[in-house]
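Next up, model.pdb (PDB, C-alpha atoms and all ligand atoms):
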ATOM      1  CA  MET A 189       0.000   0.000   0.000  1.00  0.00           C
ATOM      2  CA  SER A 190       1.171   3.526  -0.712  1.00  0.00           C
ATOM      3  CA  SER A 191       0.609   6.635   1.287  1.00  0.00           C
ATOM      4  CA  ILE A 192       0.337  10.241   0.132  1.00  0.00           C
ATOM      5  CA  ASP A 193       0.302  13.683   1.629  1.00  0.00           C
ATOM      6  CA  TRP A 194      -2.958  14.744  -0.017  1.00  0.00           C
ATOM      7  CA  LYS A 195      -2.588  18.499   0.443  1.00  0.00           C
ATOM      8  CA  GLU A 196       1.112  18.736  -0.350  1.00  0.00           C
ATOM      9  CA  GLY A 197       0.843  16.560  -3.460  1.00  0.00           C
ATOM     10  CA  ARG A 198       3.634  14.257  -2.326  1.00  0.00           C
ATOM     11  CA  PHE A 199       4.054  10.526  -1.892  1.00  0.00           C
ATOM     12  CA  GLN A 200       5.131   9.450   1.577  1.00  0.00           C
ATOM     13  CA  SER A 201       5.968   5.924   0.507  1.00  0.00           C
ATOM     14  CA  LYS A 202       8.850   4.783  -1.661  1.00  0.00           C
ATOM     15  CA  GLY A 203       8.476   3.847  -5.286  1.00  0.00           C
ATOM     16  CA  ALA A 204       7.005   7.041  -6.702  1.00  0.00           C
ATOM     17  CA  MET A 205       8.471   8.379  -9.937  1.00  0.00           C
ATOM     18  CA  ARG A 206       9.362  12.049 -10.139  1.00  0.00           C
ATOM     19  CA  SER A 207       9.914  14.419 -13.023  1.00  0.00           C
ATOM     20  CA  VAL A 208      10.885  18.059 -12.892  1.00  0.00           C
ATOM     21  CA  LYS A 209      10.600  20.815 -15.484  1.00  0.00           C
ATOM     22  CA  ARG A 210      12.787  23.874 -15.166  1.00  0.00           C
ATOM     23  CA  ILE A 211      12.749  27.035 -17.288  1.00  0.00           C
ATOM     24  CA  GLY A 212      15.618  25.611 -19.350  1.00  0.00           C
ATOM     25  CA  ASP A 213      13.542  22.519 -20.235  1.00  0.00           C
ATOM     26  CA  MET A 214      10.736  24.613 -21.708  1.00  0.00           C
ATOM     27  CA  ALA A 215      12.159  26.144 -24.886  1.00  0.00           C
ATOM     28  CA  GLY A 216       9.378  27.282 -27.233  1.00  0.00           C
ATOM     29  CA  VAL A 217       6.578  26.719 -24.726  1.00  0.00           C
ATOM     30  CA  PHE A 218       6.022  30.332 -23.631  1.00  0.00           C
ATOM     31  CA  SER A 219       5.231  33.021 -26.173  1.00  0.00           C
ATOM     32  CA  ASP A 220       7.794  35.605 -25.000  1.00  0.00           C
ATOM     33  CA  ALA A 221      11.103  33.999 -26.049  1.00  0.00           C
ATOM     34  CA  THR A 222      13.137  37.062 -24.998  1.00  0.00           C
ATOM     35  CA  ALA A 223      11.720  37.013 -21.462  1.00  0.00           C
ATOM     36  CA  TRP A 224      12.251  33.221 -21.317  1.00  0.00           C
ATOM     37  CA  GLN A 225      15.899  33.558 -22.362  1.00  0.00           C
ATOM     38  CA  SER A 226      16.659  36.204 -19.743  1.00  0.00           C
ATOM     39  CA  MET A 227      15.434  34.028 -16.862  1.00  0.00           C
ATOM     40  CA  ASP A 228      17.421  31.708 -14.584  1.00  0.00           C
ATOM     41  CA  GLN A 229      17.329  28.489 -16.628  1.00  0.00           C
ATOM     42  CA  GLN A 230      17.484  26.429 -13.418  1.00  0.00           C
ATOM     43  CA  MET A 231      14.280  27.961 -12.033  1.00  0.00           C
ATOM     44  CA  LEU A 232      11.732  25.264 -11.165  1.00  0.00           C
ATOM     45  CA  VAL A 233       8.444  25.544 -13.079  1.00  0.00           C
ATOM     46  CA  TYR A 234       6.694  22.286 -12.168  1.00  0.00           C
ATOM     47  CA  SER A 235       7.195  18.804 -10.816  1.00  0.00           C
ATOM     48  CA  VAL A 236       5.172  15.616 -11.101  1.00  0.00           C
ATOM     49  CA  GLU A 237       5.227  12.651  -8.703  1.00  0.00           C
ATOM     50  CA  TRP A 238       3.312   9.546  -9.668  1.00  0.00           C
ATOM     51  CA  GLU A 239       3.109   5.836  -9.110  1.00  0.00           C
ATOM     52  CA  GLN A 240       2.724   3.305 -11.863  1.00  0.00           C
ATOM     53  CA  ARG A 241       1.774  -0.066 -10.467  1.00  0.00           C
ATOM     54  CA  ALA A 242       0.945  -1.259 -13.976  1.00  0.00           C
ATOM     55  CA  GLU A 243       3.377  -1.408 -16.897  1.00  0.00           C
ATOM     56  CA  PRO A 244       3.119   1.726 -19.057  1.00  0.00           C
ATOM     57  CA  GLY A 245       1.115   0.727 -22.122  1.00  0.00           C
ATOM     58  CA  LEU A 246      -0.824  -2.008 -20.335  1.00  0.00           C
ATOM     59  CA  GLU A 247      -4.536  -1.855 -21.090  1.00  0.00           C
ATOM     60  CA  GLY A 248      -6.766  -1.648 -18.016  1.00  0.00           C
ATOM     61  CA  GLY A 249      -4.328  -0.263 -15.430  1.00  0.00           C
ATOM     62  CA  LEU A 250      -4.355   3.173 -13.802  1.00  0.00           C
ATOM     63  CA  PHE A 251      -1.678   5.664 -12.783  1.00  0.00           C
ATOM     64  CA  TRP A 252      -1.995   8.121  -9.946  1.00  0.00           C
ATOM     65  CA  GLY A 253       0.063  11.258  -9.354  1.00  0.00           C
ATOM     66  CA  ALA A 254       0.296  14.905  -8.394  1.00  0.00           C
ATOM     67  CA  THR A 255       1.549  17.967 -10.221  1.00  0.00           C
ATOM     68  CA  ILE A 256       2.891  21.026  -8.410  1.00  0.00           C
ATOM     69  CA  ILE A 257       3.202  24.172 -10.546  1.00  0.00           C
ATOM     70  CA  GLN A 258       5.194  26.981  -8.970  1.00  0.00           C
ATOM     71  CA  PRO A 259       3.875  30.542  -9.058  1.00  0.00           C
ATOM     72  CA  GLY A 260       5.586  32.743 -11.630  1.00  0.00           C
ATOM     73  CA  LYS A 261       5.450  34.209 -15.109  1.00  0.00           C
ATOM     74  CA  VAL A 262       7.471  34.296 -18.297  1.00  0.00           C
ATOM     75  CA  GLY A 263       6.823  37.824 -19.493  1.00  0.00           C
ATOM     76  CA  GLU A 264       3.057  38.188 -19.035  1.00  0.00           C
ATOM     77  CA  GLU A 265       2.333  34.470 -19.261  1.00  0.00           C
ATOM     78  CA  TYR A 266       1.773  32.412 -16.124  1.00  0.00           C
ATOM     79  CA  PHE A 267       3.835  29.296 -15.398  1.00  0.00           C
ATOM     80  CA  MET A 268       2.117  26.245 -16.885  1.00  0.00           C
ATOM     81  CA  THR A 269       2.641  22.661 -17.964  1.00  0.00           C
ATOM     82  CA  ARG A 270       3.697  21.819 -21.522  1.00  0.00           C
ATOM     83  CA  GLY A 271       0.319  20.213 -22.181  1.00  0.00           C
ATOM     84  CA  HIS A 272      -0.433  17.123 -24.228  1.00  0.00           C
ATOM     85  CA  PHE A 273      -2.887  14.838 -25.944  1.00  0.00           C
ATOM     86  CA  HIS A 274      -2.898  11.253 -24.839  1.00  0.00           C
ATOM     87  CA  MET A 275      -1.051   9.067 -27.305  1.00  0.00           C
ATOM     88  CA  ARG A 276      -4.120   6.845 -27.273  1.00  0.00           C
ATOM     89  CA  ARG A 277      -6.546   9.597 -28.123  1.00  0.00           C
ATOM     90  CA  ASP A 278      -9.661   8.035 -26.633  1.00  0.00           C
ATOM     91  CA  ARG A 279      -8.189   7.859 -23.113  1.00  0.00           C
ATOM     92  CA  GLY A 280      -9.651  10.261 -20.505  1.00  0.00           C
ATOM     93  CA  GLU A 281      -8.350  11.475 -17.152  1.00  0.00           C
ATOM     94  CA  TYR A 282      -9.471  13.033 -13.863  1.00  0.00           C
ATOM     95  CA  TYR A 283      -7.778  15.987 -12.132  1.00  0.00           C
ATOM     96  CA  THR A 284      -8.677  17.334  -8.692  1.00  0.00           C
ATOM     97  CA  THR A 285      -7.157  20.418  -7.105  1.00  0.00           C
ATOM     98  CA  VAL A 286      -5.982  20.488  -3.499  1.00  0.00           C
ATOM     99  CA  GLN A 287      -4.129  23.812  -3.201  1.00  0.00           C
ATOM    100  CA  GLY A 288      -3.758  27.041  -5.117  1.00  0.00           C
ATOM    101  CA  ILE A 289      -5.657  28.593  -7.967  1.00  0.00           C
ATOM    102  CA  GLY A 290      -5.300  28.008 -11.660  1.00  0.00           C
ATOM    103  CA  MET A 291      -6.774  27.259 -15.017  1.00  0.00           C
ATOM    104  CA  LEU A 292      -7.195  24.029 -16.942  1.00  0.00           C
ATOM    105  CA  VAL A 293      -7.007  24.705 -20.686  1.00  0.00           C
ATOM    106  CA  LEU A 294      -8.684  22.106 -22.900  1.00  0.00           C
ATOM    107  CA  ARG A 295      -8.893  21.739 -26.643  1.00  0.00           C
ATOM    108  CA  ASP A 296     -10.568  19.229 -28.910  1.00  0.00           C
ATOM    109  CA  ASP A 297     -11.070  19.359 -32.672  1.00  0.00           C
ATOM    110  CA  ARG A 298     -13.887  21.906 -32.339  1.00  0.00           C
ATOM    111  CA  ALA A 299     -13.028  24.349 -29.571  1.00  0.00           C
ATOM    112  CA  THR A 300     -10.699  25.553 -26.828  1.00  0.00           C
ATOM    113  CA  TRP A 301     -12.146  26.163 -23.367  1.00  0.00           C
ATOM    114  CA  THR A 302     -11.024  26.655 -19.768  1.00  0.00           C
ATOM    115  CA  GLU A 303     -12.052  25.496 -16.294  1.00  0.00           C
ATOM    116  CA  VAL A 304     -11.044  27.323 -13.111  1.00  0.00           C
ATOM    117  CA  MET A 305      -9.019  25.187 -10.698  1.00  0.00           C
ATOM    118  CA  SER A 306      -9.342  25.796  -6.952  1.00  0.00           C
ATOM    119  CA  PRO A 307      -9.254  23.527  -3.882  1.00  0.00           C
ATOM    120  CA  GLY A 308     -11.898  20.840  -4.333  1.00  0.00           C
ATOM    121  CA  SER A 309     -12.482  21.394  -8.053  1.00  0.00           C
ATOM    122  CA  LEU A 310     -12.834  18.132  -9.955  1.00  0.00           C
ATOM    123  CA  HIS A 311     -12.107  18.060 -13.688  1.00  0.00           C
ATOM    124  CA  TYR A 312     -12.992  15.325 -16.122  1.00  0.00           C
ATOM    125  CA  ILE A 313     -10.842  15.413 -19.248  1.00  0.00           C
ATOM    126  CA  PRO A 314     -12.568  13.402 -21.965  1.00  0.00           C
ATOM    127  CA  GLY A 315     -10.669  11.464 -24.611  1.00  0.00           C
ATOM    128  CA  GLN A 316      -9.636  13.342 -27.769  1.00  0.00           C
ATOM    129  CA  THR A 317      -8.918  16.445 -25.632  1.00  0.00           C
ATOM    130  CA  ALA A 318      -5.530  18.146 -25.233  1.00  0.00           C
ATOM    131  CA  HIS A 319      -4.944  19.537 -21.728  1.00  0.00           C
ATOM    132  CA  ARG A 320      -2.616  22.011 -20.027  1.00  0.00           C
ATOM    133  CA  THR A 321      -2.683  23.513 -16.517  1.00  0.00           C
ATOM    134  CA  VAL A 322      -1.727  27.065 -15.541  1.00  0.00           C
ATOM    135  CA  ASN A 323      -0.923  28.507 -12.098  1.00  0.00           C
ATOM    136  CA  THR A 324      -2.676  31.894 -11.959  1.00  0.00           C
ATOM    137  CA  GLY A 325      -2.066  32.421  -8.231  1.00  0.00           C
ATOM    138  CA  GLU A 326       0.764  33.454  -5.952  1.00  0.00           C
ATOM    139  CA  SER A 327       1.317  30.089  -4.283  1.00  0.00           C
ATOM    140  CA  PRO A 328       1.940  26.599  -5.733  1.00  0.00           C
ATOM    141  CA  LEU A 329      -0.957  25.031  -7.663  1.00  0.00           C
ATOM    142  CA  ILE A 330      -1.255  21.404  -6.543  1.00  0.00           C
ATOM    143  CA  PHE A 331      -3.550  18.835  -8.148  1.00  0.00           C
ATOM    144  CA  TRP A 332      -3.879  15.059  -8.252  1.00  0.00           C
ATOM    145  CA  ALA A 333      -4.565  13.118 -11.427  1.00  0.00           C
ATOM    146  CA  CYS A 334      -5.661   9.597 -12.339  1.00  0.00           C
ATOM    147  CA  TRP A 335      -5.110   8.312 -15.878  1.00  0.00           C
ATOM    148  CA  PRO A 336      -5.057   5.007 -17.760  1.00  0.00           C
ATOM    149  CA  SER A 337      -1.765   3.144 -17.936  1.00  0.00           C
ATOM    150  CA  ASP A 338      -2.046   2.882 -21.713  1.00  0.00           C
ATOM    151  CA  ALA A 339      -2.831   6.607 -22.279  1.00  0.00           C
ATOM    152  CA  GLY A 340       0.720   7.786 -23.039  1.00  0.00           C
ATOM    153  CA  HIS A 341       1.666  11.420 -23.647  1.00  0.00           C
ATOM    154  CA  ASP A 342       1.817  13.083 -27.069  1.00  0.00           C
ATOM    155  CA  TYR A 343       3.588  16.431 -26.712  1.00  0.00           C
ATOM    156  CA  ALA A 344       4.544  16.925 -30.352  1.00  0.00           C
ATOM    157  CA  THR A 345       1.031  17.587 -31.662  1.00  0.00           C
ATOM    158  CA  ILE A 346       0.390  20.558 -29.371  1.00  0.00           C
ATOM    159  CA  GLU A 347       3.717  22.330 -29.873  1.00  0.00           C
ATOM    160  CA  LYS A 348       3.530  26.084 -30.504  1.00  0.00           C
ATOM    161  CA  ASP A 349       0.169  27.764 -30.127  1.00  0.00           C
ATOM    162  CA  PHE A 350      -1.972  24.668 -30.511  1.00  0.00           C
ATOM    163  CA  PHE A 351      -4.233  25.685 -27.630  1.00  0.00           C
ATOM    164  CA  SER A 352      -4.864  29.033 -29.401  1.00  0.00           C
ATOM    165  CA  ILE A 353      -5.210  30.872 -26.079  1.00  0.00           C
ATOM    166  CA  ARG A 354      -2.661  31.936 -23.484  1.00  0.00           C
ATOM    167  CA  VAL A 355      -3.352  32.718 -19.846  1.00  0.00           C
ATOM    168  CA  VAL A 356      -1.679  36.020 -18.946  1.00  0.00           C
ATOM    169  CA  ASN A 357      -1.488  38.776 -16.392  1.00  0.00           C
ATOM    170  CA  GLN A 358      -1.997  42.137 -18.104  1.00  0.00           C
ATOM    171  CA  ASP A 359      -1.735  45.281 -15.955  1.00  0.00           C
ATOM    172  CA  GLY A 360      -2.287  43.205 -12.821  1.00  0.00           C
ATOM    173  CA  ALA A 361      -5.381  41.429 -14.096  1.00  0.00           C
ATOM    174  CA  LEU A 362      -5.884  37.833 -15.196  1.00  0.00           C
ATOM    175  CA  GLY A 363      -6.631  37.640 -18.900  1.00  0.00           C
ATOM    176  CA  ILE A 364      -6.821  35.360 -21.899  1.00  0.00           C
ATOM    177  CA  ALA A 365      -4.678  36.369 -24.864  1.00  0.00           C
TER     178      ALA A 365
HETATM  179  O1  LIG A 401      -1.107  12.844 -16.803  1.00  0.00           O
HETATM  180  C1  LIG A 401      -1.295  14.074 -16.774  1.00  0.00           C
HETATM  181  O2  LIG A 401      -2.058  14.659 -17.552  1.00  0.00           O
HETATM  182  C2  LIG A 401      -0.513  14.883 -15.757  1.00  0.00           C
HETATM  183  O3  LIG A 401       0.060  14.042 -14.792  1.00  0.00           O
HETATM  184  C3  LIG A 401       0.561  15.682 -16.524  1.00  0.00           C
HETATM  185  O4  LIG A 401       1.450  14.796 -17.162  1.00  0.00           O
HETATM  186  C4  LIG A 401       1.303  16.657 -15.599  1.00  0.00           C
HETATM  187  O5  LIG A 401       0.403  17.595 -15.068  1.00  0.00           O
HETATM  188  C5  LIG A 401       2.411  17.422 -16.339  1.00  0.00           C
HETATM  189  O6  LIG A 401       1.951  17.986 -17.540  1.00  0.00           O
HETATM  190  P1  LIG A 401       2.673  17.654 -18.926  1.00  0.00           P
HETATM  191  O7  LIG A 401       2.692  16.155 -19.035  1.00  0.00           O
HETATM  192  O8  LIG A 401       1.822  18.296 -19.961  1.00  0.00           O
HETATM  193  O9  LIG A 401       4.063  18.203 -18.849  1.00  0.00           O
HETATM  194 MN    MN A 402      -2.949  13.672 -19.359  1.00  0.00          MN
END

Kindly return the structure encoded in the file as structure tokens.
Ligand code: PA5
Ligand code: MN
Amino acid sequence: MSSIDWKEGRFQSKGAMRSVKRIGDMAGVFSDATAWQSMDQQMLVYSVEWEQRAEPGLEGGLFWGATIIQPGKVGEEYFMTRGHFHMRRDRGEYYTTVQGIGMLVLRDDRATWTEVMSPGSLHYIPGQTAHRTVNTGESPLIFWACWPSDAGHDYATIEKDFFSIRVVNQDGALGIA
């Protein structure tokens, strides 16, 4: 059995995987390349901790993990995840927020839309839907996710402006650009 710190988005037991994305890992993700280049490339943007009891690619298993997005901006644009489709397009996912405030950006072949993330918000991401999360607050945004072990991550398809909207702070106010 595993054990988690629900509110901190951390595993307390051994065996969790961990991945970290720093500013330097996110070339081309934010729209303001000049602002991105001038930043400390070691600055932490987000981390993910998850457990995979099933083999990746196995049909019928589930993965469970938390993402922590740090507060911050690149130019006017809030820190966010890269975003992805699932490699197996029909696979869905649940997210639920435990701390912080943010935005879930979703896009399918017809539209782009957003859902506000705040403690207790539960988000169902249907299959065929690209998803990205954005920290619009001043403290870490922490959410848990559950996804199928055969979903996979397709980052290539959403590269550069795929979502068609960007979540920004303009003159001190949250906006969509
Ligand atoms: O499975 C998910 O959708 C999440 O665990 C994400 O992988 C996580 O939030 C990090 O985002 P991304 O994979 O787009 O870098
Ligand atoms: Mn996903």

For Asp193 in chain A, the nearest of the candidates A:Ile330, A:Ser309, A:Met268, A:Met205, counting all atoms listed in the file: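 Nearest to Asp193 in chain A: A:Ile330.
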
Ala242 in chain A environment, 12 Å, all atoms listed in the file, sequence neighbours closer than 6 positions dropped, as a list in words: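 Contacts, in chain order: Gly248, Gly249, Leu250, Phe251, Trp252, Trp335, Pro336, Ser337 and Asp338 of chain A.
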
Atom pair CA of Gly363 in chain A / CA of Arg320 in chain A: separation (Å):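 Calculated distance between CA of Gly363 in chain A and CA of Arg320 in chain A is 16.2 Å.
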
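These residues, each with an atom at most 8 Å from (1.6, 13.0, -11.2) using all atoms listed in the file, are Arg206, Val236, Glu237, Trp238, Glu239, Trp252, Gly253, Ala254, Thr255, Trp332 and Ala333 of chain A.
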
Test item: residues at most 6 Å from range 291-307 of chain A, all atoms listed in the file, excluding those fewer than 5 positions along its chain, as JSON, numbers by chain: {"A": [285, 286, 317, 318, 319, 320, 321, 322]}

Expansion of the PyMOL selection byres (((chain A and resi 327) around 6) and not hetatm) into residues, as a list of chain:residue names: A:Pro259, A:Gly288, A:Gly325, A:Glu326, A:Pro328

Please write the residues from the selection above to a file, keeping C-alpha atoms, as a tab-separated table (two decimals), in the frame of the given file.
chain	number	residue	atom	x	y	z
A	259	PRO	CA	3.88	30.54	-9.06
A	288	GLY	CA	-3.76	27.04	-5.12
A	325	GLY	CA	-2.07	32.42	-8.23
A	326	GLU	CA	0.76	33.45	-5.95
A	328	PRO	CA	1.94	26.60	-5.73

Which residues match the PyMOL selection byres (((chain A and resi 348) around 9) and not hetatm) in the file above, as a PDB file with C-alpha atoms, keeping the file's coordinate frame?
ATOM      1  CA  GLY A 216       9.378  27.282 -27.233  1.00  0.00           C
ATOM      2  CA  VAL A 217       6.578  26.719 -24.726  1.00  0.00           C
ATOM      3  CA  PHE A 218       6.022  30.332 -23.631  1.00  0.00           C
ATOM      4  CA  SER A 219       5.231  33.021 -26.173  1.00  0.00           C
ATOM      5  CA  THR A 345       1.031  17.587 -31.662  1.00  0.00           C
ATOM      6  CA  ILE A 346       0.390  20.558 -29.371  1.00  0.00           C
ATOM      7  CA  GLU A 347       3.717  22.330 -29.873  1.00  0.00           C
ATOM      8  CA  ASP A 349       0.169  27.764 -30.127  1.00  0.00           C
ATOM      9  CA  PHE A 350      -1.972  24.668 -30.511  1.00  0.00           C
ATOM     10  CA  PHE A 351      -4.233  25.685 -27.630  1.00  0.00           C
ATOM     11  CA  SER A 352      -4.864  29.033 -29.401  1.00  0.00           C
TER      12      SER A 352
END

Output of the PyMOL selection byres (((chain A and resi 225) around 12) and not hetatm), listed as an MDAnalysis selection string: chainID A and resid 211:224 226:231 262:263
